[in-house]
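Participant: Just final28.pdb, nothing more (PDB, C-alpha atoms, pLDDT in the B column):
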```pdb
ATOM      1  CA  MET A1136       2.164 -19.246   3.840  1.00 96.00           C
ATOM      2  CA  ARG A1137       5.004 -20.166   1.517  1.00 98.00           C
ATOM      3  CA  ALA A1138       8.707 -19.988   2.276  1.00 98.00           C
ATOM      4  CA  PRO A1139      10.161 -16.688   1.005  1.00 98.00           C
ATOM      5  CA  VAL A1140      13.683 -18.166   0.804  1.00 98.00           C
ATOM      6  CA  ALA A1141      15.353 -21.565   0.674  1.00 98.00           C
ATOM      7  CA  GLY A1142      17.066 -22.935   3.748  1.00 98.00           C
ATOM      8  CA  ARG A1143      16.032 -24.696   6.903  1.00 98.00           C
ATOM      9  CA  ALA A1144      12.719 -23.882   8.586  1.00 98.00           C
ATOM     10  CA  ILE A1145      13.104 -23.441  12.331  1.00 98.00           C
ATOM     11  CA  SER A1146      10.693 -22.604  15.119  1.00 97.00           C
ATOM     12  CA  LEU A1147      10.573 -18.976  16.227  1.00 97.00           C
ATOM     13  CA  ASP A1148      12.083 -19.753  19.626  1.00 96.00           C
ATOM     14  CA  ARG A1149      15.366 -20.430  17.822  1.00 97.00           C
ATOM     15  CA  VAL A1150      15.536 -16.912  16.349  1.00 97.00           C
ATOM     16  CA  PRO A1151      18.457 -14.990  17.911  1.00 96.00           C
ATOM     17  CA  ASP A1152      16.238 -12.098  19.001  1.00 95.00           C
ATOM     18  CA  ALA A1153      14.080 -12.179  22.125  1.00 93.00           C
ATOM     19  CA  VAL A1154      11.138 -10.241  20.703  1.00 93.00           C
ATOM     20  CA  PHE A1155      10.785 -12.538  17.668  1.00 96.00           C
ATOM     21  CA  ALA A1156      11.661 -15.652  19.691  1.00 96.00           C
ATOM     22  CA  GLN A1157       8.880 -14.969  22.218  1.00 95.00           C
ATOM     23  CA  ALA A1158       6.405 -14.446  19.332  1.00 95.00           C
ATOM     24  CA  MET A1159       5.770 -10.891  20.518  1.00 94.00           C
ATOM     25  CA  VAL A1160       5.600  -9.707  16.920  1.00 96.00           C
ATOM     26  CA  GLY A1161       3.309 -12.658  16.232  1.00 96.00           C
ATOM     27  CA  PRO A1162       3.329 -16.417  15.600  1.00 97.00           C
ATOM     28  CA  GLY A1163       4.988 -17.947  12.578  1.00 98.00           C
ATOM     29  CA  ALA A1164       8.280 -19.568  11.700  1.00 98.00           C
ATOM     30  CA  ALA A1165      11.769 -18.602  10.624  1.00 98.00           C
ATOM     31  CA  ILE A1166      14.122 -19.759   7.910  1.00 98.00           C
ATOM     32  CA  ASP A1167      17.839 -20.125   8.373  1.00 98.00           C
ATOM     33  CA  PRO A1168      18.643 -19.313   4.749  1.00 98.00           C
ATOM     34  CA  VAL A1169      21.058 -20.885   2.314  1.00 98.00           C
ATOM     35  CA  ARG A1170      24.176 -18.667   2.370  1.00 97.00           C
ATOM     36  CA  ALA A1171      24.089 -17.606  -1.249  1.00 96.00           C
ATOM     37  CA  PRO A1172      22.823 -14.542  -3.102  1.00 97.00           C
ATOM     38  CA  GLY A1173      19.167 -14.959  -3.874  1.00 96.00           C
ATOM     39  CA  VAL A1174      15.722 -13.547  -4.298  1.00 98.00           C
ATOM     40  CA  VAL A1175      13.133 -13.268  -1.529  1.00 98.00           C
ATOM     41  CA  LEU A1176       9.606 -14.264  -2.589  1.00 98.00           C
ATOM     42  CA  SER A1177       6.235 -13.139  -1.335  1.00 98.00           C
ATOM     43  CA  PRO A1178       4.766 -15.778   1.021  1.00 98.00           C
ATOM     44  CA  VAL A1179       1.208 -14.994  -0.068  1.00 98.00           C
ATOM     45  CA  SER A1180      -0.763 -13.159  -2.765  1.00 98.00           C
ATOM     46  CA  GLY A1181      -2.019  -9.722  -1.812  1.00 98.00           C
ATOM     47  CA  ILE A1182      -0.843  -6.146  -1.500  1.00 98.00           C
ATOM     48  CA  LEU A1183       2.727  -5.244  -0.614  1.00 98.00           C
ATOM     49  CA  VAL A1184       1.648  -2.677   1.973  1.00 96.00           C
ATOM     50  CA  LYS A1185       5.159  -1.992   3.351  1.00 95.00           C
ATOM     51  CA  LEU A1186       8.466  -2.538   1.618  1.00 96.00           C
ATOM     52  CA  LYS A1187      11.780  -1.789   3.315  1.00 94.00           C
ATOM     53  CA  PRO A1188      15.088  -3.217   2.177  1.00 94.00           C
ATOM     54  CA  HIS A1189      15.297  -5.465   5.252  1.00 95.00           C
ATOM     55  CA  ALA A1190      11.606  -6.277   5.764  1.00 96.00           C
ATOM     56  CA  PHE A1191       8.228  -6.255   4.064  1.00 97.00           C
ATOM     57  CA  VAL A1192       4.552  -6.750   4.872  1.00 97.00           C
ATOM     58  CA  VAL A1193       1.996  -8.318   2.535  1.00 98.00           C
ATOM     59  CA  THR A1194      -1.729  -8.233   3.289  1.00 98.00           C
ATOM     60  CA  ALA A1195      -3.743 -11.040   1.741  1.00 96.00           C
ATOM     61  CA  THR A1196      -7.072 -10.286   0.053  1.00 91.00           C
ATOM     62  CA  ASP A1197      -8.890 -10.992   3.346  1.00 93.00           C
ATOM     63  CA  GLY A1198      -6.790  -8.294   5.058  1.00 93.00           C
ATOM     64  CA  ARG A1199      -4.530 -10.555   7.107  1.00 96.00           C
ATOM     65  CA  GLY A1200      -0.932  -9.379   7.176  1.00 97.00           C
ATOM     66  CA  VAL A1201       2.349 -11.255   7.037  1.00 98.00           C
ATOM     67  CA  LEU A1202       5.739  -9.796   7.911  1.00 98.00           C
ATOM     68  CA  VAL A1203       8.936 -11.117   6.335  1.00 98.00           C
ATOM     69  CA  HIS A1204      12.042  -9.849   8.146  1.00 97.00           C
ATOM     70  CA  LEU A1205      15.345 -10.421   6.328  1.00 97.00           C
ATOM     71  CA  GLY A1206      17.857 -11.118   9.032  1.00 96.00           C
ATOM     72  CA  ILE A1207      18.150  -9.761  12.566  1.00 95.00           C
ATOM     73  CA  ASP A1208      19.201  -6.155  13.250  1.00 91.00           C
ATOM     74  CA  THR A1209      19.494  -5.686   9.481  1.00 93.00           C
ATOM     75  CA  VAL A1210      17.689  -2.333   9.766  1.00 88.00           C
ATOM     76  CA  ASN A1211      21.143  -1.095  10.801  1.00 85.00           C
ATOM     77  CA  LEU A1212      22.517  -1.899   7.343  1.00 89.00           C
ATOM     78  CA  ASP A1213      20.426   1.032   6.059  1.00 86.00           C
ATOM     79  CA  GLY A1214      19.478  -0.901   2.958  1.00 88.00           C
ATOM     80  CA  GLY A1215      23.042  -1.877   2.005  1.00 89.00           C
ATOM     81  CA  GLY A1216      23.126  -5.174   0.105  1.00 91.00           C
ATOM     82  CA  PHE A1217      19.388  -5.254  -0.620  1.00 96.00           C
ATOM     83  CA  VAL A1218      17.799  -4.540  -4.011  1.00 97.00           C
ATOM     84  CA  LEU A1219      14.054  -3.933  -4.153  1.00 97.00           C
ATOM     85  CA  LEU A1220      12.312  -5.840  -6.947  1.00 98.00           C
ATOM     86  CA  ALA A1221       8.705  -4.809  -6.306  1.00 98.00           C
ATOM     87  CA  GLU A1222       6.780  -1.655  -5.505  1.00 97.00           C
ATOM     88  CA  GLU A1223       5.323  -0.699  -2.154  1.00 97.00           C
ATOM     89  CA  GLY A1224       1.561  -0.425  -2.352  1.00 97.00           C
ATOM     90  CA  GLY A1225       1.256  -2.648  -5.407  1.00 97.00           C
ATOM     91  CA  PRO A1226      -0.246  -6.107  -5.837  1.00 98.00           C
ATOM     92  CA  VAL A1227       2.034  -9.099  -5.461  1.00 98.00           C
ATOM     93  CA  LEU A1228       1.510 -12.796  -6.163  1.00 98.00           C
ATOM     94  CA  ALA A1229       2.615 -15.613  -3.872  1.00 97.00           C
ATOM     95  CA  GLY A1230       6.064 -16.643  -5.061  1.00 98.00           C
ATOM     96  CA  ALA A1231       6.792 -13.341  -6.825  1.00 98.00           C
ATOM     97  CA  PRO A1232      10.237 -11.783  -6.209  1.00 98.00           C
ATOM     98  CA  VAL A1233      10.253  -8.866  -3.734  1.00 98.00           C
ATOM     99  CA  VAL A1234      13.879  -8.264  -2.705  1.00 98.00           C
ATOM    100  CA  ARG A1235      17.298  -9.445  -3.867  1.00 98.00           C
ATOM    101  CA  TRP A1236      19.755 -10.077  -1.032  1.00 97.00           C
ATOM    102  CA  ASN A1237      22.846 -11.986   0.044  1.00 97.00           C
ATOM    103  CA  PRO A1238      22.585 -13.837   3.370  1.00 97.00           C
ATOM    104  CA  ALA A1239      26.316 -14.631   3.247  1.00 97.00           C
ATOM    105  CA  ALA A1240      27.151 -10.911   3.175  1.00 95.00           C
ATOM    106  CA  ILE A1241      24.835 -10.267   6.127  1.00 96.00           C
ATOM    107  CA  GLU A1242      26.559 -12.996   8.100  1.00 96.00           C
ATOM    108  CA  ALA A1243      29.970 -11.612   7.075  1.00 95.00           C
ATOM    109  CA  ALA A1244      28.823  -8.247   8.498  1.00 94.00           C
ATOM    110  CA  GLY A1245      28.372  -9.960  11.865  1.00 96.00           C
ATOM    111  CA  LEU A1246      24.562 -10.210  11.743  1.00 96.00           C
ATOM    112  CA  SER A1247      22.207 -13.173  11.669  1.00 97.00           C
ATOM    113  CA  PRO A1248      20.531 -13.710   8.264  1.00 98.00           C
ATOM    114  CA  VAL A1249      17.682 -15.728   9.856  1.00 98.00           C
ATOM    115  CA  CYS A1250      14.312 -14.686   8.380  1.00 98.00           C
ATOM    116  CA  PRO A1251      11.256 -14.622  10.620  1.00 98.00           C
ATOM    117  CA  VAL A1252       7.935 -14.972   8.741  1.00 98.00           C
ATOM    118  CA  ILE A1253       5.221 -13.676  11.040  1.00 98.00           C
ATOM    119  CA  ALA A1254       1.410 -13.774  11.041  1.00 98.00           C
ATOM    120  CA  LEU A1255       0.358 -10.286  12.213  1.00 97.00           C
ATOM    121  CA  ASP A1256      -2.557  -9.795  14.632  1.00 96.00           C
ATOM    122  CA  ALA A1257      -3.305 -13.540  14.768  1.00 96.00           C
ATOM    123  CA  ASP A1258      -5.623 -14.381  17.667  1.00 92.00           C
ATOM    124  CA  PRO A1259      -4.290 -16.716  20.398  1.00 88.00           C
ATOM    125  CA  ALA A1260      -6.207 -19.755  19.070  1.00 90.00           C
ATOM    126  CA  SER A1261      -4.754 -19.339  15.577  1.00 95.00           C
ATOM    127  CA  ALA A1262      -1.312 -18.697  17.060  1.00 95.00           C
ATOM    128  CA  ALA A1263      -1.145 -22.205  18.503  1.00 94.00           C
ATOM    129  CA  ALA A1264      -2.378 -23.756  15.248  1.00 96.00           C
ATOM    130  CA  ILE A1265       0.160 -21.762  13.222  1.00 97.00           C
ATOM    131  CA  ALA A1266       3.038 -22.837  15.446  1.00 94.00           C
ATOM    132  CA  ALA A1267       1.910 -26.473  15.173  1.00 95.00           C
ATOM    133  CA  SER A1268       1.652 -26.288  11.371  1.00 97.00           C
ATOM    134  CA  VAL A1269       5.237 -25.240  10.635  1.00 97.00           C
ATOM    135  CA  ALA A1270       7.005 -27.507   8.132  1.00 95.00           C
ATOM    136  CA  LEU A1271      10.308 -27.733  10.039  1.00 97.00           C
ATOM    137  CA  GLY A1272      13.523 -28.762   8.286  1.00 98.00           C
ATOM    138  CA  PRO A1273      14.903 -28.154   4.810  1.00 98.00           C
ATOM    139  CA  VAL A1274      12.680 -25.976   2.612  1.00 98.00           C
ATOM    140  CA  SER A1275      12.865 -24.715  -0.925  1.00 98.00           C
ATOM    141  CA  ALA A1276      11.676 -21.206  -1.698  1.00 98.00           C
ATOM    142  CA  ASP A1277       7.923 -21.228  -2.402  1.00 97.00           C
ATOM    143  CA  ASP A1278       7.322 -24.462  -0.426  1.00 97.00           C
ATOM    144  CA  ARG A1279       4.586 -24.408   2.203  1.00 97.00           C
ATOM    145  CA  LEU A1280       6.054 -22.987   5.436  1.00 98.00           C
ATOM    146  CA  PHE A1281       3.045 -22.828   7.757  1.00 98.00           C
ATOM    147  CA  THR A1282      -0.714 -22.675   7.580  1.00 97.00           C
ATOM    148  CA  TRP A1283      -2.818 -19.810   8.902  1.00 96.00           C
ATOM    149  CA  ALA A1284      -6.346 -21.224   8.721  1.00 89.00           C
TER     150      ALA A1284
ATOM    151  CA  MET B 505     -10.477  13.236  23.927  1.00 89.00           C
ATOM    152  CA  PRO B 506      -7.338  12.932  26.087  1.00 93.00           C
ATOM    153  CA  GLN B 507      -4.217  12.741  23.977  1.00 94.00           C
ATOM    154  CA  ARG B 508      -0.445  12.841  24.159  1.00 95.00           C
ATOM    155  CA  ILE B 509       1.992  13.921  21.498  1.00 95.00           C
ATOM    156  CA  VAL B 510       5.211  11.924  21.764  1.00 95.00           C
ATOM    157  CA  ASN B 511       8.527  11.961  20.007  1.00 94.00           C
ATOM    158  CA  VAL B 512       9.480   8.350  19.197  1.00 94.00           C
ATOM    159  CA  ALA B 513      12.896   7.655  20.673  1.00 91.00           C
ATOM    160  CA  SER B 514      13.832   4.328  19.035  1.00 86.00           C
ATOM    161  CA  ARG B 515      16.329   5.266  16.358  1.00 86.00           C
ATOM    162  CA  VAL B 516      14.857   2.875  13.807  1.00 85.00           C
ATOM    163  CA  GLY B 517      11.316   4.056  14.533  1.00 89.00           C
ATOM    164  CA  LEU B 518       8.349   1.810  15.250  1.00 91.00           C
ATOM    165  CA  HIS B 519       9.547  -1.138  13.195  1.00 87.00           C
ATOM    166  CA  ALA B 520       9.221  -4.800  13.990  1.00 88.00           C
ATOM    167  CA  ARG B 521      10.657  -5.064  17.487  1.00 88.00           C
ATOM    168  CA  PRO B 522       9.835  -1.652  18.954  1.00 92.00           C
ATOM    169  CA  ALA B 523       6.371  -1.892  17.362  1.00 94.00           C
ATOM    170  CA  ALA B 524       5.815  -5.301  18.946  1.00 95.00           C
ATOM    171  CA  VAL B 525       6.762  -4.011  22.400  1.00 94.00           C
ATOM    172  CA  PHE B 526       4.455  -1.011  22.004  1.00 96.00           C
ATOM    173  CA  VAL B 527       1.505  -3.051  20.652  1.00 96.00           C
ATOM    174  CA  LYS B 528       1.864  -5.558  23.477  1.00 95.00           C
ATOM    175  CA  ALA B 529       1.674  -2.764  26.041  1.00 96.00           C
ATOM    176  CA  ALA B 530      -1.293  -1.158  24.261  1.00 97.00           C
ATOM    177  CA  SER B 531      -3.092  -4.519  24.105  1.00 96.00           C
ATOM    178  CA  ALA B 532      -2.621  -4.945  27.845  1.00 95.00           C
ATOM    179  CA  ALA B 533      -4.028  -1.462  28.594  1.00 95.00           C
ATOM    180  CA  ALA B 534      -7.492  -1.159  30.114  1.00 93.00           C
ATOM    181  CA  LEU B 535      -8.760   1.038  27.269  1.00 96.00           C
ATOM    182  CA  PRO B 536      -8.437   0.989  23.492  1.00 97.00           C
ATOM    183  CA  VAL B 537      -5.767   3.446  22.345  1.00 98.00           C
ATOM    184  CA  THR B 538      -5.182   4.909  18.913  1.00 98.00           C
ATOM    185  CA  ILE B 539      -1.922   6.084  17.436  1.00 98.00           C
ATOM    186  CA  ALA B 540      -1.531   8.500  14.527  1.00 97.00           C
ATOM    187  CA  LYS B 541       1.101  10.463  12.752  1.00 93.00           C
ATOM    188  CA  GLU B 542       0.436  14.200  12.931  1.00 83.00           C
ATOM    189  CA  GLY B 543      -2.508  15.056  10.693  1.00 81.00           C
ATOM    190  CA  LYS B 544      -3.115  11.440   9.588  1.00 86.00           C
ATOM    191  CA  GLU B 545      -5.898   8.978  10.366  1.00 93.00           C
ATOM    192  CA  PRO B 546      -5.497   7.281  13.766  1.00 97.00           C
ATOM    193  CA  VAL B 547      -5.154   3.486  13.845  1.00 97.00           C
ATOM    194  CA  SER B 548      -5.551   0.950  16.634  1.00 97.00           C
ATOM    195  CA  ALA B 549      -2.458   0.740  18.818  1.00 97.00           C
ATOM    196  CA  ARG B 550      -3.405  -2.916  19.440  1.00 97.00           C
ATOM    197  CA  SER B 551      -2.787  -3.934  15.810  1.00 97.00           C
ATOM    198  CA  ILE B 552       0.787  -4.733  14.857  1.00 97.00           C
ATOM    199  CA  LEU B 553      -0.219  -4.607  11.191  1.00 96.00           C
ATOM    200  CA  ALA B 554      -1.683  -1.101  11.619  1.00 96.00           C
ATOM    201  CA  VAL B 555       1.287   0.170  13.638  1.00 96.00           C
ATOM    202  CA  LEU B 556       3.818  -1.190  11.131  1.00 94.00           C
ATOM    203  CA  GLY B 557       1.719   0.415   8.400  1.00 92.00           C
ATOM    204  CA  LEU B 558       2.165   3.856   9.986  1.00 93.00           C
ATOM    205  CA  ASP B 559       5.872   3.594   9.217  1.00 91.00           C
ATOM    206  CA  VAL B 560       6.915   5.850  12.109  1.00 93.00           C
ATOM    207  CA  ARG B 561      10.595   6.829  11.951  1.00 91.00           C
ATOM    208  CA  GLY B 562      12.845   7.559  14.879  1.00 91.00           C
ATOM    209  CA  GLY B 563      12.415  11.151  16.061  1.00 93.00           C
ATOM    210  CA  GLU B 564       8.956  11.519  14.505  1.00 95.00           C
ATOM    211  CA  GLU B 565       5.995  12.670  16.549  1.00 95.00           C
ATOM    212  CA  VAL B 566       2.928  10.528  17.071  1.00 97.00           C
ATOM    213  CA  VAL B 567      -0.412  11.308  18.694  1.00 97.00           C
ATOM    214  CA  LEU B 568      -1.836   8.809  21.183  1.00 97.00           C
ATOM    215  CA  GLU B 569      -5.530   9.029  22.095  1.00 97.00           C
ATOM    216  CA  ALA B 570      -7.780   7.176  24.500  1.00 97.00           C
ATOM    217  CA  ASP B 571     -11.145   7.894  26.040  1.00 95.00           C
ATOM    218  CA  GLY B 572     -12.742   6.756  29.289  1.00 94.00           C
ATOM    219  CA  ASP B 573     -11.862   6.131  32.915  1.00 94.00           C
ATOM    220  CA  GLY B 574      -8.139   6.088  33.431  1.00 94.00           C
ATOM    221  CA  ALA B 575      -7.341   7.356  29.932  1.00 96.00           C
ATOM    222  CA  GLU B 576      -4.754   9.803  31.255  1.00 96.00           C
ATOM    223  CA  ASN B 577      -2.836   7.051  33.030  1.00 96.00           C
ATOM    224  CA  VAL B 578      -2.973   4.694  30.057  1.00 96.00           C
ATOM    225  CA  LEU B 579      -1.680   7.431  27.746  1.00 97.00           C
ATOM    226  CA  GLU B 580       1.011   8.419  30.203  1.00 96.00           C
ATOM    227  CA  ASP B 581       2.365   4.855  30.390  1.00 96.00           C
ATOM    228  CA  LEU B 582       2.361   4.332  26.622  1.00 96.00           C
ATOM    229  CA  ALA B 583       3.867   7.750  25.985  1.00 96.00           C
ATOM    230  CA  ARG B 584       6.667   7.000  28.406  1.00 95.00           C
ATOM    231  CA  LEU B 585       7.335   3.701  26.634  1.00 94.00           C
ATOM    232  CA  LEU B 586       7.760   5.500  23.307  1.00 95.00           C
ATOM    233  CA  THR B 587      10.278   7.886  24.807  1.00 92.00           C
ATOM    234  CA  GLU B 588      12.511   4.898  25.630  1.00 87.00           C
ATOM    235  CA  ASP B 589      14.779   3.233  23.118  1.00 78.00           C
ATOM    236  CA  LEU B 590      12.896  -0.033  22.571  1.00 73.00           C
ATOM    237  CA  GLU B 591      15.700  -1.533  20.518  1.00 68.00           C
ATOM    238  CA  GLY B 592      17.604  -2.564  23.608  1.00 50.00           C
TER     239      GLY B 592
END
```
When written as structure tokens, how does the structure in this file appear?
Facilitator:
Amino acid sequence: MRAPVAGRAISLDRVPDAVFAQAMVGPGAAIDPVRAPGVVLSPVSGILVKLKPHAFVVTATDGRGVLVHLGIDTVNLDGGGFVLLAEEGGPVLAGAPVVRWNPAAIEAAGLSPVCPVIALDADPASAAAIAASVALGPVSADDRLFTWA
Amino acid sequence: MPQRIVNVASRVGLHARPAAVFVKAASAAALPVTIAKEGKEPVSARSILAVLGLDVRGGEEVVLEADGDGAENVLEDLARLLTEDLEG
């Protein structure tokens, strides 16, 4: 899985939301993004099965799904500050732009812009391997973030 | 098959966090449970990908179904969970 945004890759337990932090949504990693307007990229090639302003899900060709959540509690922004750059239901390539956003504006609104990137329905054995594979520290967009074997 | 029709209380619907709480409870249940929007194909309530794919909004009705021993109790517990605001 590639990093959808540039910033610093952190482990999920540092996400300021208990449900993400306890990996209840699934295993993965999060990115504390660079505070500048930017474009969010697809972490994997596949189908953009769900596209909301604040979150999207891509299923790879083998059917495995990845959730990218743009900030915490950002559903409450009702789409404000997000511009969709792709179409729900359509194919998307790894590294292709999906949403335009501004993490600095989200932070100015009092919310965390941290982006969890989550492997959906991963079995417990893969969950441990995913957590161990996270490339922690500074990341550029489209760098490897974690591996879901 | 035993079923329950529930109005989803979480204002944002069954999105990431409320969906995760629901799927965790469904995965812990003794029987497989399906969830569907009215008139649509049911999906496994144990799959976060499938539940997110339903795109259930706050205030929408969903149909929960399970079959087998204890199905009524399993459905009752999951239905009650959906009537709570899982955002909290």
Participant: By how many Å are atom CA of A:Thr1194 and atom CA of A:Ser1180 apart?
Facilitator: 7.9 Å
Participant: For chain A against chain B, with a cut-off of 9 Å and counting all atoms listed in the file, what is the closest atom pair and its distance in Å to one decimal for every residue that makes the cut, ordered by chain and number, as JSON lines?
Facilitator:
```
{"residue": "A:Val1154", "atom": "CA", "partner": "B:Arg521", "partner_atom": "CA", "distance": 6.1}
{"residue": "A:Phe1155", "atom": "CA", "partner": "B:Arg521", "partner_atom": "CA", "distance": 7.5}
{"residue": "A:Met1159", "atom": "CA", "partner": "B:Ala524", "partner_atom": "CA", "distance": 5.8}
{"residue": "A:Val1160", "atom": "CA", "partner": "B:Ala524", "partner_atom": "CA", "distance": 4.9}
{"residue": "A:Gly1161", "atom": "CA", "partner": "B:Ala524", "partner_atom": "CA", "distance": 8.2}
{"residue": "A:Val1184", "atom": "CA", "partner": "B:Gly557", "partner_atom": "CA", "distance": 7.1}
{"residue": "A:Lys1185", "atom": "CA", "partner": "B:Gly557", "partner_atom": "CA", "distance": 6.6}
{"residue": "A:Ala1190", "atom": "CA", "partner": "B:Ala520", "partner_atom": "CA", "distance": 8.7}
{"residue": "A:Val1192", "atom": "CA", "partner": "B:Leu553", "partner_atom": "CA", "distance": 8.2}
{"residue": "A:Thr1194", "atom": "CA", "partner": "B:Leu553", "partner_atom": "CA", "distance": 8.8}
{"residue": "A:Arg1199", "atom": "CA", "partner": "B:Leu553", "partner_atom": "CA", "distance": 8.4}
{"residue": "A:Gly1200", "atom": "CA", "partner": "B:Leu553", "partner_atom": "CA", "distance": 6.3}
{"residue": "A:Val1201", "atom": "CA", "partner": "B:Leu553", "partner_atom": "CA", "distance": 8.2}
{"residue": "A:Leu1202", "atom": "CA", "partner": "B:Leu553", "partner_atom": "CA", "distance": 8.6}
{"residue": "A:His1204", "atom": "CA", "partner": "B:Ala520", "partner_atom": "CA", "distance": 8.2}
{"residue": "A:Val1210", "atom": "CA", "partner": "B:Val516", "partner_atom": "CA", "distance": 7.2}
{"residue": "A:Asn1211", "atom": "CA", "partner": "B:Val516", "partner_atom": "CA", "distance": 8.0}
{"residue": "A:Leu1255", "atom": "CA", "partner": "B:Leu553", "partner_atom": "CA", "distance": 5.8}
{"residue": "A:Asp1256", "atom": "CA", "partner": "B:Ser551", "partner_atom": "CA", "distance": 6.0}
```
Participant: Which residues come within 10 Å of B:Glu580, counting all atoms listed in the file, excluding same-chain residues fewer than 6 positions away, as a ChimeraX atom specification?
Facilitator: /B:507-508,568,574
Participant: So what does the PyMOL selection byres ((chain A and resi 1140-1153) around 10) actually pick up in this one, as JSON, numbers by chain?
Facilitator: {"A": [1137, 1138, 1139, 1154, 1155, 1156, 1157, 1158, 1159, 1161, 1162, 1163, 1164, 1165, 1166, 1167, 1168, 1169, 1170, 1171, 1173, 1174, 1175, 1176, 1177, 1178, 1205, 1206, 1207, 1208, 1230, 1246, 1247, 1248, 1249, 1250, 1251, 1252, 1253, 1266, 1267, 1269, 1270, 1271, 1272, 1273, 1274, 1275, 1276, 1277, 1278, 1280, 1281], "B": [521]}
Participant: Report as an MDAnalysis selection string the full result of the PyMOL selection byres ((chain A and resi 1183) around 8) when it is applied to this structure.
Facilitator: chainID A and resid 1181:1182 1184:1186 1191:1194 1222:1227
Participant: For the atom pair atom CA of B:Leu586 and atom CA of B:Leu518, what is the interatomic distance in Å to one decimal place?
Facilitator: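 One can read the atom CA of B:Leu586 to atom CA of B:Leu518 distance as 8.9 Å.
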Participant: Report the distance between atom CA of B:Val547 and atom CA of A:Thr1282 in Å, rounded to one decimal place.
Facilitator: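 Spanning atom CA of B:Val547 to atom CA of A:Thr1282 is a straight-line distance of 27.3 Å.
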Participant: Quick one: residues within 8 Å of B:Met505, all atoms listed in the file, excluding same-chain residues fewer than 2 positions away - as a list in words?
Facilitator: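 Near neighbours after the sequence-gap exclusion: Gln507, Glu569, Ala570 and Asp571 of chain B.
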Participant: Residues picked by the PyMOL selection byres ((chain B and resi 546) around 10) here, as a list in words?
Facilitator: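 Those residues are Val537, Thr538, Ile539, Ala540, Lys541, Glu542, Gly543, Lys544, Glu545, Val547, Ser548, Ala549, Ala554, Val555, Leu558, Val566, Val567, Leu568 and Glu569 of chain B.
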Participant: Once you have the residues from the selection above, write them out as a short mmCIF file (atom, residue, chain, number, x, y, z; two decimals), in the coordinates of the input, restricted to C-alpha atoms.
Facilitator:
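selection02.cif written:
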```cif
data_model
loop_
_atom_site.label_atom_id
_atom_site.label_comp_id
_atom_site.auth_asym_id
_atom_site.auth_seq_id
_atom_site.Cartn_x
_atom_site.Cartn_y
_atom_site.Cartn_z
CA VAL B 537 -5.77 3.45 22.34
CA THR B 538 -5.18 4.91 18.91
CA ILE B 539 -1.92 6.08 17.44
CA ALA B 540 -1.53 8.50 14.53
CA LYS B 541 1.10 10.46 12.75
CA GLU B 542 0.44 14.20 12.93
CA GLY B 543 -2.51 15.06 10.69
CA LYS B 544 -3.12 11.44 9.59
CA GLU B 545 -5.90 8.98 10.37
CA VAL B 547 -5.15 3.49 13.84
CA SER B 548 -5.55 0.95 16.63
CA ALA B 549 -2.46 0.74 18.82
CA ALA B 554 -1.68 -1.10 11.62
CA VAL B 555 1.29 0.17 13.64
CA LEU B 558 2.16 3.86 9.99
CA VAL B 566 2.93 10.53 17.07
CA VAL B 567 -0.41 11.31 18.69
CA LEU B 568 -1.84 8.81 21.18
CA GLU B 569 -5.53 9.03 22.10
#
```
Participant: Counting only C-alpha atoms, find residues at most 6 Å from (16.2, -6.1, 2.2) (file frame) and give them as a ChimeraX atom specification.
Facilitator: /A:1188-1190,1217,1234
